[in-house]
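Heads up, structure.csv below (CSV, C-alpha atoms and all ligand atoms):
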```
chain,number,residue,atom,x,y,z
A,179,MET,CA,25.5,-11.0,9.4
A,180,ALA,CA,22.2,-9.0,9.5
A,181,ASP,CA,22.0,-6.3,12.2
A,182,MET,CA,19.0,-7.5,14.2
A,183,ARG,CA,19.0,-4.6,16.7
A,184,PRO,CA,15.8,-2.5,16.9
A,185,VAL,CA,15.7,0.7,14.9
A,186,ASP,CA,14.9,4.0,16.8
A,187,PRO,CA,11.5,5.0,15.3
A,188,ASN,CA,12.6,8.7,15.7
A,189,LEU,CA,15.2,8.1,13.0
A,190,VAL,CA,12.7,6.9,10.4
A,191,PRO,CA,12.0,9.8,7.9
A,192,LYS,CA,8.4,11.1,8.1
A,193,LEU,CA,5.9,12.4,5.5
A,194,LYS,CA,3.7,15.3,6.4
A,195,LEU,CA,0.0,15.0,5.9
A,196,LYS,CA,-2.4,17.9,5.4
A,197,GLY,CA,-2.8,19.6,8.7
A,198,GLY,CA,0.8,18.9,9.6
A,199,GLU,CA,0.6,15.4,11.2
A,200,LYS,CA,3.6,13.2,10.3
A,201,MET,CA,3.5,9.6,9.1
A,202,PRO,CA,6.6,7.2,9.0
A,203,MET,CA,7.9,6.7,5.5
A,204,ILE,CA,8.4,3.0,5.9
A,205,GLY,CA,5.6,0.8,7.1
A,206,MET,CA,4.9,-2.9,7.3
A,207,GLY,CA,2.6,-4.3,4.6
A,208,THR,CA,0.2,-7.0,5.8
A,209,PHE,CA,-1.0,-8.7,2.6
A,210,GLY,CA,0.1,-12.3,2.9
A,211,SER,CA,-0.2,-12.7,-0.9
A,212,ASP,CA,-2.3,-15.9,-0.5
A,213,ARG,CA,1.1,-17.4,0.6
A,214,TYR,CA,1.5,-16.5,4.3
A,215,ASP,CA,-1.4,-17.2,6.7
A,216,ALA,CA,-2.9,-14.7,9.1
A,217,ALA,CA,-0.9,-16.1,12.1
A,218,GLN,CA,2.4,-15.7,10.2
A,219,VAL,CA,1.5,-12.1,9.2
A,220,ALA,CA,0.4,-11.3,12.8
A,221,GLY,CA,3.7,-12.7,14.1
A,222,ALA,CA,5.5,-10.5,11.7
A,223,VAL,CA,3.6,-7.4,12.9
A,224,ARG,CA,4.6,-8.2,16.5
A,225,GLY,CA,8.3,-8.6,15.5
A,226,ALA,CA,8.1,-5.4,13.3
A,227,ALA,CA,6.6,-3.3,16.1
A,228,ARG,CA,9.3,-4.5,18.5
A,229,ALA,CA,11.9,-3.7,15.8
A,230,GLY,CA,10.7,-0.1,15.6
A,231,TYR,CA,8.0,-0.1,12.9
A,232,ARG,CA,5.2,2.3,13.7
A,233,LEU,CA,3.2,2.4,10.4
A,234,PHE,CA,1.1,-0.7,9.6
A,235,ASP,CA,-0.8,-1.1,6.4
A,236,CYS,CA,-3.9,-3.3,7.0
A,237,ALA,CA,-7.1,-4.1,5.1
A,238,SER,CA,-10.2,-6.1,5.7
A,239,VAL,CA,-9.6,-8.2,2.5
A,240,TYR,CA,-6.2,-9.4,3.8
A,241,GLY,CA,-8.2,-11.6,6.2
A,242,ASN,CA,-5.9,-11.2,9.1
A,243,GLU,CA,-7.1,-8.1,11.1
A,244,ALA,CA,-8.7,-10.3,13.8
A,245,LEU,CA,-5.2,-11.8,14.5
A,246,ILE,CA,-3.3,-8.5,14.1
A,247,GLY,CA,-5.6,-6.8,16.7
A,248,PRO,CA,-4.4,-8.8,19.7
A,249,VAL,CA,-0.8,-8.0,18.6
A,250,PHE,CA,-1.5,-4.3,18.6
A,251,ALA,CA,-3.0,-4.7,22.1
A,252,GLU,CA,0.2,-6.6,23.2
A,253,ILE,CA,2.5,-4.0,21.7
A,254,MET,CA,0.6,-1.2,23.5
A,255,GLY,CA,0.8,-3.3,26.7
A,256,GLU,CA,4.6,-3.3,26.2
A,257,GLY,CA,4.7,0.5,26.3
A,258,VAL,CA,4.1,1.8,22.7
A,259,SER,CA,1.4,4.4,23.0
A,260,ARG,CA,-1.5,4.4,20.6
A,261,ASP,CA,-0.5,7.8,19.3
A,262,GLU,CA,3.0,6.6,18.3
A,263,LEU,CA,1.3,4.1,16.0
A,264,PHE,CA,0.0,4.9,12.5
A,265,ILE,CA,-2.5,2.2,11.5
A,266,THR,CA,-4.3,2.2,8.2
A,267,SER,CA,-7.1,0.0,6.9
A,268,LYS,CA,-9.3,-0.2,3.8
A,269,VAL,CA,-12.9,-0.9,2.8
A,270,TRP,CA,-13.0,-3.7,0.2
A,271,ASN,CA,-14.8,-3.6,-3.1
A,272,ASP,CA,-17.8,-5.7,-2.0
A,273,MET,CA,-18.7,-3.1,0.7
A,274,HIS,CA,-19.4,0.0,-1.3
A,275,GLY,CA,-23.2,0.0,-0.9
A,276,PRO,CA,-25.2,2.3,1.4
A,277,GLY,CA,-23.9,2.0,5.0
A,278,GLN,CA,-21.5,-0.8,4.1
A,279,ALA,CA,-18.3,1.2,4.2
A,280,ILE,CA,-19.2,2.4,7.7
A,281,ALA,CA,-20.0,-1.2,8.8
A,282,SER,CA,-16.7,-2.4,7.3
A,283,CYS,CA,-14.7,0.2,9.2
A,284,GLU,CA,-16.6,-0.7,12.4
A,285,GLN,CA,-15.7,-4.4,11.9
A,286,THR,CA,-12.1,-3.5,11.2
A,287,LEU,CA,-11.9,-1.6,14.5
A,288,ARG,CA,-13.4,-4.5,16.4
A,289,ASP,CA,-10.9,-6.9,14.7
A,290,LEU,CA,-7.9,-4.6,15.2
A,291,ARG,CA,-9.1,-3.8,18.8
A,292,LEU,CA,-8.8,-0.1,18.2
A,293,ASP,CA,-11.0,3.0,18.9
A,294,TYR,CA,-9.9,4.5,15.6
A,295,VAL,CA,-7.6,4.0,12.7
A,296,ASP,CA,-5.2,6.7,11.5
A,297,LEU,CA,-6.1,6.4,7.8
A,298,PHE,CA,-9.0,4.6,6.1
A,299,PHE,CA,-8.9,4.0,2.4
A,300,VAL,CA,-11.3,3.1,-0.4
A,301,HIS,CA,-9.2,0.1,-1.5
A,302,TRP,CA,-10.3,0.2,-5.2
A,303,PRO,CA,-12.6,2.6,-7.1
A,304,PHE,CA,-14.7,-0.3,-8.5
A,305,PRO,CA,-17.5,-2.2,-6.7
A,306,ASN,CA,-17.1,-5.9,-7.2
A,307,PHE,CA,-16.2,-9.2,-5.7
A,308,HIS,CA,-13.8,-12.0,-6.4
A,309,PRO,CA,-13.1,-15.1,-4.2
A,310,LYS,CA,-9.7,-15.5,-2.5
A,311,GLY,CA,-7.3,-17.2,-4.8
A,312,ALA,CA,-9.4,-16.4,-7.9
A,313,ALA,CA,-7.9,-17.4,-11.3
A,314,PRO,CA,-6.7,-14.7,-13.6
A,315,ASP,CA,-9.6,-15.1,-15.9
A,316,TYR,CA,-12.2,-15.1,-13.1
A,317,HIS,CA,-15.1,-12.9,-14.0
A,318,ASN,CA,-17.9,-11.7,-11.8
A,319,PRO,CA,-20.9,-10.7,-13.9
A,320,ASP,CA,-21.9,-8.1,-11.3
A,321,SER,CA,-18.7,-6.1,-11.5
A,322,ARG,CA,-19.0,-2.4,-12.3
A,323,PRO,CA,-16.8,0.3,-13.7
A,324,PHE,CA,-15.9,3.5,-11.9
A,325,ILE,CA,-19.1,5.5,-11.6
A,326,ILE,CA,-18.5,8.8,-9.8
A,327,GLN,CA,-22.0,9.0,-8.1
A,328,GLU,CA,-21.4,5.5,-6.7
A,329,PHE,CA,-17.9,6.3,-5.6
A,330,MET,CA,-19.1,9.5,-3.9
A,331,GLY,CA,-21.5,7.3,-1.9
A,332,VAL,CA,-18.5,5.5,-0.5
A,333,TRP,CA,-16.5,8.7,0.0
A,334,GLN,CA,-19.4,10.3,1.9
A,335,GLN,CA,-19.4,7.3,4.3
A,336,LEU,CA,-15.6,7.8,4.8
A,337,GLN,CA,-16.3,11.4,5.7
A,338,THR,CA,-18.9,10.3,8.2
A,339,LEU,CA,-16.4,7.9,9.7
A,340,LYS,CA,-13.9,10.8,10.1
A,341,ALA,CA,-16.6,13.0,11.6
A,342,ARG,CA,-17.4,10.3,14.1
A,343,GLY,CA,-13.7,10.0,15.1
A,344,LEU,CA,-13.4,6.4,13.8
A,345,THR,CA,-10.6,7.4,11.4
A,346,ARG,CA,-8.4,10.4,11.6
A,347,HIS,CA,-7.7,10.7,7.9
A,348,ILE,CA,-9.3,9.3,4.7
A,349,GLY,CA,-7.7,8.2,1.5
A,350,VAL,CA,-8.0,6.6,-1.9
A,351,SER,CA,-6.1,3.9,-3.7
A,352,ASN,CA,-5.6,2.6,-7.2
A,353,MET,CA,-6.8,5.8,-8.8
A,354,THR,CA,-5.8,7.5,-12.1
A,355,ILE,CA,-5.6,11.2,-13.1
A,356,PRO,CA,-8.9,11.1,-15.0
A,357,LYS,CA,-10.7,9.6,-12.0
A,358,MET,CA,-9.0,12.1,-9.6
A,359,GLU,CA,-9.9,15.1,-11.8
A,360,LEU,CA,-13.6,14.2,-11.6
A,361,PHE,CA,-13.4,13.1,-8.0
A,362,LEU,CA,-11.6,16.2,-6.7
A,363,LYS,CA,-14.4,18.4,-8.1
A,364,GLU,CA,-17.0,16.5,-6.2
A,365,CYS,CA,-15.4,15.2,-3.2
A,366,GLY,CA,-16.1,17.8,-0.5
A,367,GLU,CA,-13.2,16.8,1.7
A,368,PRO,CA,-10.1,15.8,-0.4
A,369,PRO,CA,-8.1,12.7,0.4
A,370,ALA,CA,-5.2,13.1,2.8
A,371,ALA,CA,-3.3,10.2,1.2
A,372,VAL,CA,-3.2,7.8,-1.7
A,373,GLU,CA,-1.9,4.2,-2.1
A,374,MET,CA,-0.5,3.5,-5.5
A,375,GLU,CA,1.9,1.0,-7.0
A,376,MET,CA,5.4,2.3,-7.1
A,377,HIS,CA,8.8,0.6,-7.5
A,378,PRO,CA,11.8,1.3,-9.7
A,379,CYS,CA,10.3,-0.6,-12.7
A,380,PHE,CA,7.0,1.2,-12.3
A,381,GLN,CA,7.5,4.7,-11.0
A,382,GLN,CA,4.2,6.4,-12.0
A,383,GLU,CA,6.0,9.8,-12.1
A,384,GLU,CA,3.0,11.7,-13.6
A,385,LEU,CA,0.5,10.4,-11.1
A,386,LEU,CA,2.9,10.9,-8.2
A,387,ARG,CA,3.5,14.6,-9.2
A,388,TYR,CA,-0.3,15.0,-9.5
A,389,MET,CA,-0.9,13.7,-6.1
A,390,VAL,CA,1.9,15.7,-4.5
A,391,GLY,CA,0.7,18.8,-6.3
A,392,HIS,CA,-2.7,18.3,-4.8
A,393,GLY,CA,-1.3,17.9,-1.3
A,394,ILE,CA,-2.1,14.2,-1.2
A,395,ALA,CA,0.5,12.1,0.7
A,396,PRO,CA,1.8,9.3,-1.6
A,397,ILE,CA,2.3,5.7,-0.2
A,398,GLY,CA,3.9,3.2,-2.6
A,399,PHE,CA,2.7,-0.4,-2.5
A,400,CYS,CA,4.7,-3.4,-3.9
A,401,PRO,CA,7.9,-1.3,-3.3
A,402,LEU,CA,10.1,-4.3,-3.9
A,403,GLY,CA,8.3,-5.5,-7.0
A,404,SER,CA,6.2,-8.0,-5.0
A,405,PRO,CA,8.1,-11.2,-5.9
A,406,GLU,CA,5.6,-13.3,-4.0
A,407,ARG,CA,2.4,-11.7,-5.5
A,408,PRO,CA,-0.5,-14.0,-6.3
A,409,GLU,CA,-0.2,-16.0,-9.6
A,410,ARG,CA,-3.0,-14.0,-11.1
A,411,ASP,CA,-0.8,-10.9,-11.1
A,412,VAL,CA,2.2,-12.6,-12.7
A,413,THR,CA,2.2,-12.2,-16.5
A,414,PRO,CA,4.8,-12.8,-19.2
A,415,GLY,CA,7.1,-9.8,-19.6
A,416,ASP,CA,7.0,-8.7,-16.0
A,417,VAL,CA,10.3,-7.3,-14.9
A,418,SER,CA,11.9,-8.0,-11.5
A,419,ASP,CA,13.0,-4.8,-9.7
A,420,MET,CA,15.4,-6.6,-7.4
A,421,GLU,CA,17.1,-8.4,-10.4
A,422,HIS,CA,17.4,-5.3,-12.5
A,423,PRO,CA,21.2,-4.8,-13.3
A,424,VAL,CA,21.1,-1.1,-12.3
A,425,VAL,CA,19.5,-1.8,-8.9
A,426,GLN,CA,21.9,-4.7,-8.4
A,427,ALA,CA,25.0,-2.6,-9.2
A,428,ILE,CA,23.9,0.1,-6.8
A,429,ALA,CA,23.2,-2.6,-4.1
A,430,ALA,CA,26.7,-4.0,-4.7
A,431,ALA,CA,28.2,-0.5,-4.3
A,432,HIS,CA,26.5,-0.1,-1.0
A,433,GLY,CA,27.0,-3.7,0.1
A,434,VAL,CA,23.3,-4.3,0.7
A,435,HIS,CA,20.5,-6.4,-0.8
A,436,PRO,CA,18.7,-4.8,-3.8
A,437,ALA,CA,15.5,-4.7,-1.7
A,438,LEU,CA,17.1,-2.0,0.4
A,439,VAL,CA,18.1,0.1,-2.7
A,440,CYS,CA,14.4,0.1,-3.7
A,441,LEU,CA,13.4,1.4,-0.3
A,442,LYS,CA,16.1,4.1,0.0
A,443,TRP,CA,15.1,5.2,-3.5
A,444,ALA,CA,11.4,5.4,-2.5
A,445,VAL,CA,12.0,7.5,0.6
A,446,GLN,CA,14.6,9.8,-1.1
A,447,ARG,CA,12.1,10.3,-4.0
A,448,GLY,CA,9.6,11.5,-1.4
A,449,HIS,CA,7.0,8.8,-0.9
A,450,ALA,CA,6.3,6.3,1.8
A,451,ALA,CA,6.8,2.6,1.2
A,452,ILE,CA,5.1,-0.4,2.8
A,453,PRO,CA,7.2,-3.5,2.2
A,454,PHE,CA,6.0,-6.8,3.4
A,455,SER,CA,8.0,-9.7,4.9
A,456,VAL,CA,7.6,-12.3,7.6
A,457,ARG,CA,11.4,-12.7,7.9
A,458,PRO,CA,12.9,-10.6,10.8
A,459,GLU,CA,16.3,-10.2,9.0
A,460,GLU,CA,14.4,-8.8,6.0
A,461,TYR,CA,11.9,-6.5,7.7
A,462,ILE,CA,14.5,-5.1,10.2
A,463,SER,CA,16.9,-4.4,7.4
A,464,ASN,CA,14.1,-2.8,5.4
A,465,LEU,CA,13.4,-0.3,8.2
A,466,ARG,CA,17.1,0.4,9.0
A,467,ALA,CA,17.9,1.0,5.3
A,468,VAL,CA,16.2,4.4,5.3
A,469,THR,CA,18.0,5.6,8.4
A,470,GLU,CA,21.6,5.3,7.0
A,471,ASP,CA,23.8,5.3,3.9
A,472,PRO,CA,21.6,7.2,1.4
A,473,LEU,CA,21.8,6.9,-2.4
A,474,THR,CA,23.8,9.5,-4.2
A,475,ASP,CA,22.1,11.9,-6.7
A,476,GLN,CA,23.8,10.0,-9.5
A,477,GLU,CA,22.3,6.7,-8.2
A,478,MET,CA,18.9,8.3,-7.9
A,479,ARG,CA,19.2,9.5,-11.5
A,480,ALA,CA,20.3,6.0,-12.6
A,481,ILE,CA,17.2,4.4,-11.0
A,482,LYS,CA,15.0,6.9,-12.8
A,483,ALA,CA,16.1,5.2,-16.0
A,484,VAL,CA,15.0,1.8,-14.7
A,485,GLU,CA,11.4,2.7,-15.4
A,486,SER,CA,9.9,-0.1,-17.5
A,487,GLY,CA,6.2,0.6,-17.3
A,488,CYS,CA,5.8,-2.7,-15.5
A,489,ARG,CA,2.5,-2.6,-13.6
A,490,LEU,CA,2.3,-5.7,-11.4
A,491,VAL,CA,-1.1,-5.4,-9.8
A,492,LYS,CA,-3.1,-5.2,-13.0
A,493,GLY,CA,-6.6,-5.8,-11.4
A,494,GLN,CA,-7.9,-7.9,-14.3
A,495,VAL,CA,-10.3,-9.7,-11.9
A,496,PHE,CA,-12.1,-6.4,-11.5
A,497,LEU,CA,-13.1,-6.0,-15.2
A,498,TRP,CA,-16.8,-5.5,-15.9
A,499,GLY,CA,-19.1,-6.7,-18.7
A,500,GLU,CA,-17.3,-8.5,-21.5
A,501,HIS,CA,-14.1,-6.5,-21.2
A,502,LYS,CA,-10.9,-8.5,-21.1
A,503,ASP,CA,-8.1,-5.9,-21.2
A,504,TRP,CA,-6.9,-4.9,-17.8
A,505,ARG,CA,-5.5,-1.6,-19.2
A,506,LEU,CA,-9.0,-0.4,-19.3
A,507,LEU,CA,-8.9,-0.1,-15.5
A,508,TRP,CA,-6.1,2.4,-15.7
A,509,ASP,CA,-7.6,5.0,-18.1
A,510,GLU,CA,-4.4,4.9,-20.3
A,511,ASP,CA,-6.0,6.9,-23.1
A,512,GLY,CA,-6.9,9.7,-20.7
A,513,ALA,CA,-10.6,9.0,-20.4
A,514,ILE,CA,-12.5,7.1,-17.7
A,515,ALA,CA,-13.4,3.7,-19.1
A,516,GLY,CA,-17.1,2.8,-18.6
A,517,TRP,CA,-19.6,0.2,-19.8
A,601,LIG,N1,-3.6,-0.5,-1.9
A,601,LIG,C1,-3.5,-1.6,-2.6
A,601,LIG,O1,-4.3,-1.9,-3.5
A,601,LIG,C2,-2.4,-2.6,-2.3
A,601,LIG,C3,-2.0,-3.5,-3.3
A,601,LIG,C4,-0.9,-4.3,-3.1
A,601,LIG,C5,-0.2,-4.2,-1.9
A,601,LIG,N2,-0.6,-3.3,-0.9
A,601,LIG,C6,0.2,-3.2,0.4
A,601,LIG,O2,1.6,-3.2,0.0
A,601,LIG,C7,2.3,-4.1,0.8
A,601,LIG,C8,3.5,-4.5,0.1
A,601,LIG,O3,3.3,-5.1,-1.2
A,601,LIG,P1,3.6,-6.6,-1.5
A,601,LIG,O4,3.6,-7.4,-0.2
A,601,LIG,O5,2.8,-7.1,-2.6
A,601,LIG,O6,5.1,-6.6,-2.1
A,601,LIG,P2,6.6,-6.1,-1.7
A,601,LIG,O7,6.6,-5.5,-0.4
A,601,LIG,O8,7.1,-5.4,-2.9
A,601,LIG,O9,7.3,-7.5,-1.7
A,601,LIG,C9,7.2,-8.4,-0.6
A,601,LIG,C10,8.1,-9.6,-0.8
A,601,LIG,O10,9.5,-9.1,-0.9
A,601,LIG,C11,10.4,-10.0,-0.3
A,601,LIG,N3,11.2,-9.1,0.6
A,601,LIG,C12,10.9,-8.3,1.6
A,601,LIG,N4,11.9,-7.7,2.1
A,601,LIG,C13,13.0,-8.2,1.6
A,601,LIG,C14,14.4,-8.1,1.8
A,601,LIG,N5,14.9,-7.2,2.6
A,601,LIG,N6,15.2,-8.9,1.0
A,601,LIG,C15,14.8,-9.7,0.1
A,601,LIG,N7,13.4,-9.9,-0.2
A,601,LIG,C16,12.6,-9.2,0.6
A,601,LIG,C17,9.6,-10.9,0.5
A,601,LIG,O11,9.7,-12.2,-0.1
A,601,LIG,P3,9.8,-13.5,0.8
A,601,LIG,O12,8.4,-13.7,1.3
A,601,LIG,O13,10.2,-14.6,-0.2
A,601,LIG,O14,10.8,-13.3,1.9
A,601,LIG,C18,8.2,-10.4,0.5
A,601,LIG,O15,7.2,-11.5,0.3
A,601,LIG,C19,1.2,-5.3,1.0
A,601,LIG,O16,1.6,-6.1,2.0
A,601,LIG,C20,0.0,-4.4,1.3
A,601,LIG,O17,0.0,-4.0,2.6
A,601,LIG,C21,-1.6,-2.5,-1.1
```

As structure tokens, how would this structure be written, given the file I've shared?
Amino acid sequence: MADMRPVDPNLVPKLKLKGGEKMPMIGMGTFGSDRYDAAQVAGAVRGAARAGYRLFDCASVYGNEALIGPVFAEIMGEGVSRDELFITSKVWNDMHGPGQAIASCEQTLRDLRLDYVDLFFVHWPFPNFHPKGAAPDYHNPDSRPFIIQEFMGVWQQLQTLKARGLTRHIGVSNMTIPKMELFLKECGEPPAAVEMEMHPCFQQEELLRYMVGHGIAPIGFCPLGSPERPERDVTPGDVSDMEHPVVQAIAAAHGVHPALVCLKWAVQRGHAAIPFSVRPEEYISNLRAVTEDPLTDQEMRAIKAVESGCRLVKGQVFLWGEHKDWRLLWDEDGAIAGW
């Protein structure tokens, strides 16, 4: 029987951001993966907040901020103060032009019914557009590669948003070391946090160490291996984290679902994780998992060996020109891929 009691938010481990502010290390993802509608996700946010979640990972492209906003208002009406909450959002790839990132954040704030978000990200470092539910081979002829001058145009808008008090911190997402090397030289204000894919079968150890070494707080998305991800992100050879024999054996030893092993591992490894679920028994146990019964050092070492190089969110719909290989987006040969 799942323990459905709320979790004390004070027991949830915290990650320190530059400047000393603390962010919960488990948050609620809000991407419905084209499978759960906005009302279902908003309902899960309500349940999660009542269960003790304080970090919520939103984005304009998830198409549900306008329904999540009233839930935040409701939760605050129930006595959770704004400064107990840590709410993130992101500017989507089709709003990178002059003034557009600012307009996107302003719209997000209207939708979320907030005066400010805690952290505002550039969702992807490529300006482009693809329709909801796009096929894996969808190709937009206007897509563009990473161009530092264009990216700086977006980043400067995020700095303006911070100066105006519309976001308290600013961050990047889906970056690589070559892009970060160039960006950190130019950025003026460095990012406070990064969102990057991390789960046992895709640990991104080098990028994680790079981010931590630069004082950038790491947040891992798809922490459970995103079993419900959109079809376009499912490719032959993908490995399932929760079905991995090492993860399953550790789960059996602890008497828990493998999902909870993935989350304990993430937090003990030192990064935040933002699992998604609309099912109360899942999202409550996800939060509770990091407050009790930690993994042993030996189990942590065993999971290190689970690494399989299995990137799930490949981003192929963002390719530009005639390029067809999604690996190009991730600068795997150490150089930034361009036209
Ligand atoms: N910055 C970015 O570019 C980016 C990219 C991707 C995601 N994200 C963020 O990261 C969040 C999480 O990623 P995600 O939703 O793709 O994947 P995920 O959290 O790895 O997986 C979510 C799925 O795992 C299952 N699950 C959750 N808790 C479980 C439990 N305790 N036991 C068994 N199954 C469980 C649920 O399946 P069922 O629905 O079948 O229950 C749920 O749909 C997103 O919601 C979004 O906020 C950010």

Could you name the residues that touch Pro184 (chain A) at 12 Å or less, counting all atoms listed in the file, but leaving out those on the same chain fewer than 5 positions away, as a short mmCIF file (atom, residue, chain, number, x, y, z; two decimals) with C-alpha atoms, in the frame of the given file?
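See result04.cif below for the written result:
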```
data_model
loop_
_atom_site.label_atom_id
_atom_site.label_comp_id
_atom_site.auth_asym_id
_atom_site.auth_seq_id
_atom_site.Cartn_x
_atom_site.Cartn_y
_atom_site.Cartn_z
CA LEU A 189 15.20 8.10 13.00
CA VAL A 190 12.70 6.90 10.40
CA GLY A 225 8.30 -8.60 15.50
CA ALA A 226 8.10 -5.40 13.30
CA ALA A 227 6.60 -3.30 16.10
CA ARG A 228 9.30 -4.50 18.50
CA ALA A 229 11.90 -3.70 15.80
CA GLY A 230 10.70 -0.10 15.60
CA TYR A 231 8.00 -0.10 12.90
CA PRO A 458 12.90 -10.60 10.80
CA GLU A 459 16.30 -10.20 9.00
CA TYR A 461 11.90 -6.50 7.70
CA ILE A 462 14.50 -5.10 10.20
CA SER A 463 16.90 -4.40 7.40
CA ASN A 464 14.10 -2.80 5.40
CA LEU A 465 13.40 -0.30 8.20
CA ARG A 466 17.10 0.40 9.00
CA THR A 469 18.00 5.60 8.40
#
```

Task: Test item: residues lying within 8 Å of ligand LIG 601 (chain A) with all atoms listed in the file, as an MDAnalysis selection string - done: chainID A and resid 206:211 234:237 301:302 351:352 373:375 377 398:407 435:438 451:457 459:464 491

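Taking CA of Gly366 (chain A) and CA of Arg387 (chain A) as endpoints, the distance between them is 21.7 Å.
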
Task: Closest of A:Ala216, A:Val185, A:Ala341, A:Ala430 to Glu470 (chain A) - atom-to-atom distances counting all atoms listed in the file - done: A:Val185

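Rounded to one decimal, CA of Pro191 (chain A) and CA of Val390 (chain A) lie 17.0 Å from each other.
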
TODO: Between A:Arg489, A:Arg479, A:Lys363, A:Lys310, single out the one closest to Met376 (chain A), counting all atoms listed in the file.
DONE: A:Arg489

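Each of A:Cys440, A:Leu233, A:Leu287, A:Leu245 was checked against Asp261 (chain A) using all atoms listed in the file; the smallest atom-to-atom distance is that of A:Leu233.
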
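Distance annotation: of A:Gln327, A:Gln337, A:Gln426, A:Gln285, the residue with the minimal separation from Lys357 (chain A) is A:Gln327; atom set is only C-alpha atoms.
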
Task: Residue with smallest distance to Leu507 (chain A) - pool A:Trp333, A:Phe250, A:Trp270, A:Phe324, counting all atoms listed in the file - done: A:Phe324

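In this structure, CA of Thr338 (chain A) sits 7.9 Å away from CA of Ile280 (chain A).
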
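Minimum atom-to-atom distance to Pro202 (chain A), evaluated using all atoms listed in the file, belongs to A:Ile265 out of A:Leu336, A:Ala217, A:Ile265, A:Ala429.
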
Open item on the list: List as a ChimeraX atom specification the protein and nucleic acid residues near Lys192 (chain A), meaning an atom at most 12 Å away when all atoms listed in the file are counted, but skip any in the same chain fewer than 3 places from it.
Closed with: /A:187-189,195,198-205,232-233,264,395-397,445-446,448-451,468-469

- [ ] Step by step: start from the point (-19.4, -9.1, -19.0) in the file's coordinates, keep every protein, DNA or RNA residue that has an atom no farther than 7 Å from it, count all atoms listed in the file, and write the set as a list in words.
- [x] Pro319, Trp498, Gly499, Glu500 and His501 of chain A

From the block you just saw, export region 501-512 of chain A: N, CA and C atoms, as a short mmCIF file (atom, residue, chain, number, x, y, z; two decimals), in the first residue's frame.
```
data_model
loop_
_atom_site.label_atom_id
_atom_site.label_comp_id
_atom_site.auth_asym_id
_atom_site.auth_seq_id
_atom_site.Cartn_x
_atom_site.Cartn_y
_atom_site.Cartn_z
N HIS A 501 20.45 18.72 -42.93
CA HIS A 501 21.01 17.75 -41.98
C HIS A 501 19.95 16.78 -41.48
N LYS A 502 20.35 15.53 -41.30
CA LYS A 502 19.40 14.49 -40.89
C LYS A 502 19.84 13.80 -39.59
N ASP A 503 21.10 14.00 -39.15
CA ASP A 503 21.61 13.26 -38.00
C ASP A 503 21.50 14.10 -36.73
N TRP A 504 20.65 13.65 -35.79
CA TRP A 504 20.41 14.43 -34.58
C TRP A 504 21.68 14.62 -33.74
N ARG A 505 22.69 13.75 -33.94
CA ARG A 505 23.91 13.88 -33.13
C ARG A 505 24.59 15.23 -33.34
N LEU A 506 24.30 15.82 -34.50
CA LEU A 506 24.85 17.14 -34.82
C LEU A 506 24.45 18.19 -33.78
N LEU A 507 23.26 18.02 -33.21
CA LEU A 507 22.77 19.01 -32.23
C LEU A 507 23.60 19.00 -30.96
N TRP A 508 24.33 17.89 -30.75
CA TRP A 508 24.98 17.70 -29.44
C TRP A 508 26.49 17.83 -29.51
N ASP A 509 27.02 18.32 -30.63
CA ASP A 509 28.45 18.67 -30.76
C ASP A 509 29.35 17.53 -30.31
N GLU A 510 29.02 16.30 -30.72
CA GLU A 510 29.73 15.14 -30.18
C GLU A 510 31.20 15.08 -30.56
N ASP A 511 31.57 15.79 -31.68
CA ASP A 511 33.00 15.77 -32.03
C ASP A 511 33.75 16.95 -31.42
N GLY A 512 33.11 17.65 -30.48
CA GLY A 512 33.81 18.70 -29.74
C GLY A 512 33.73 20.08 -30.37
#
```
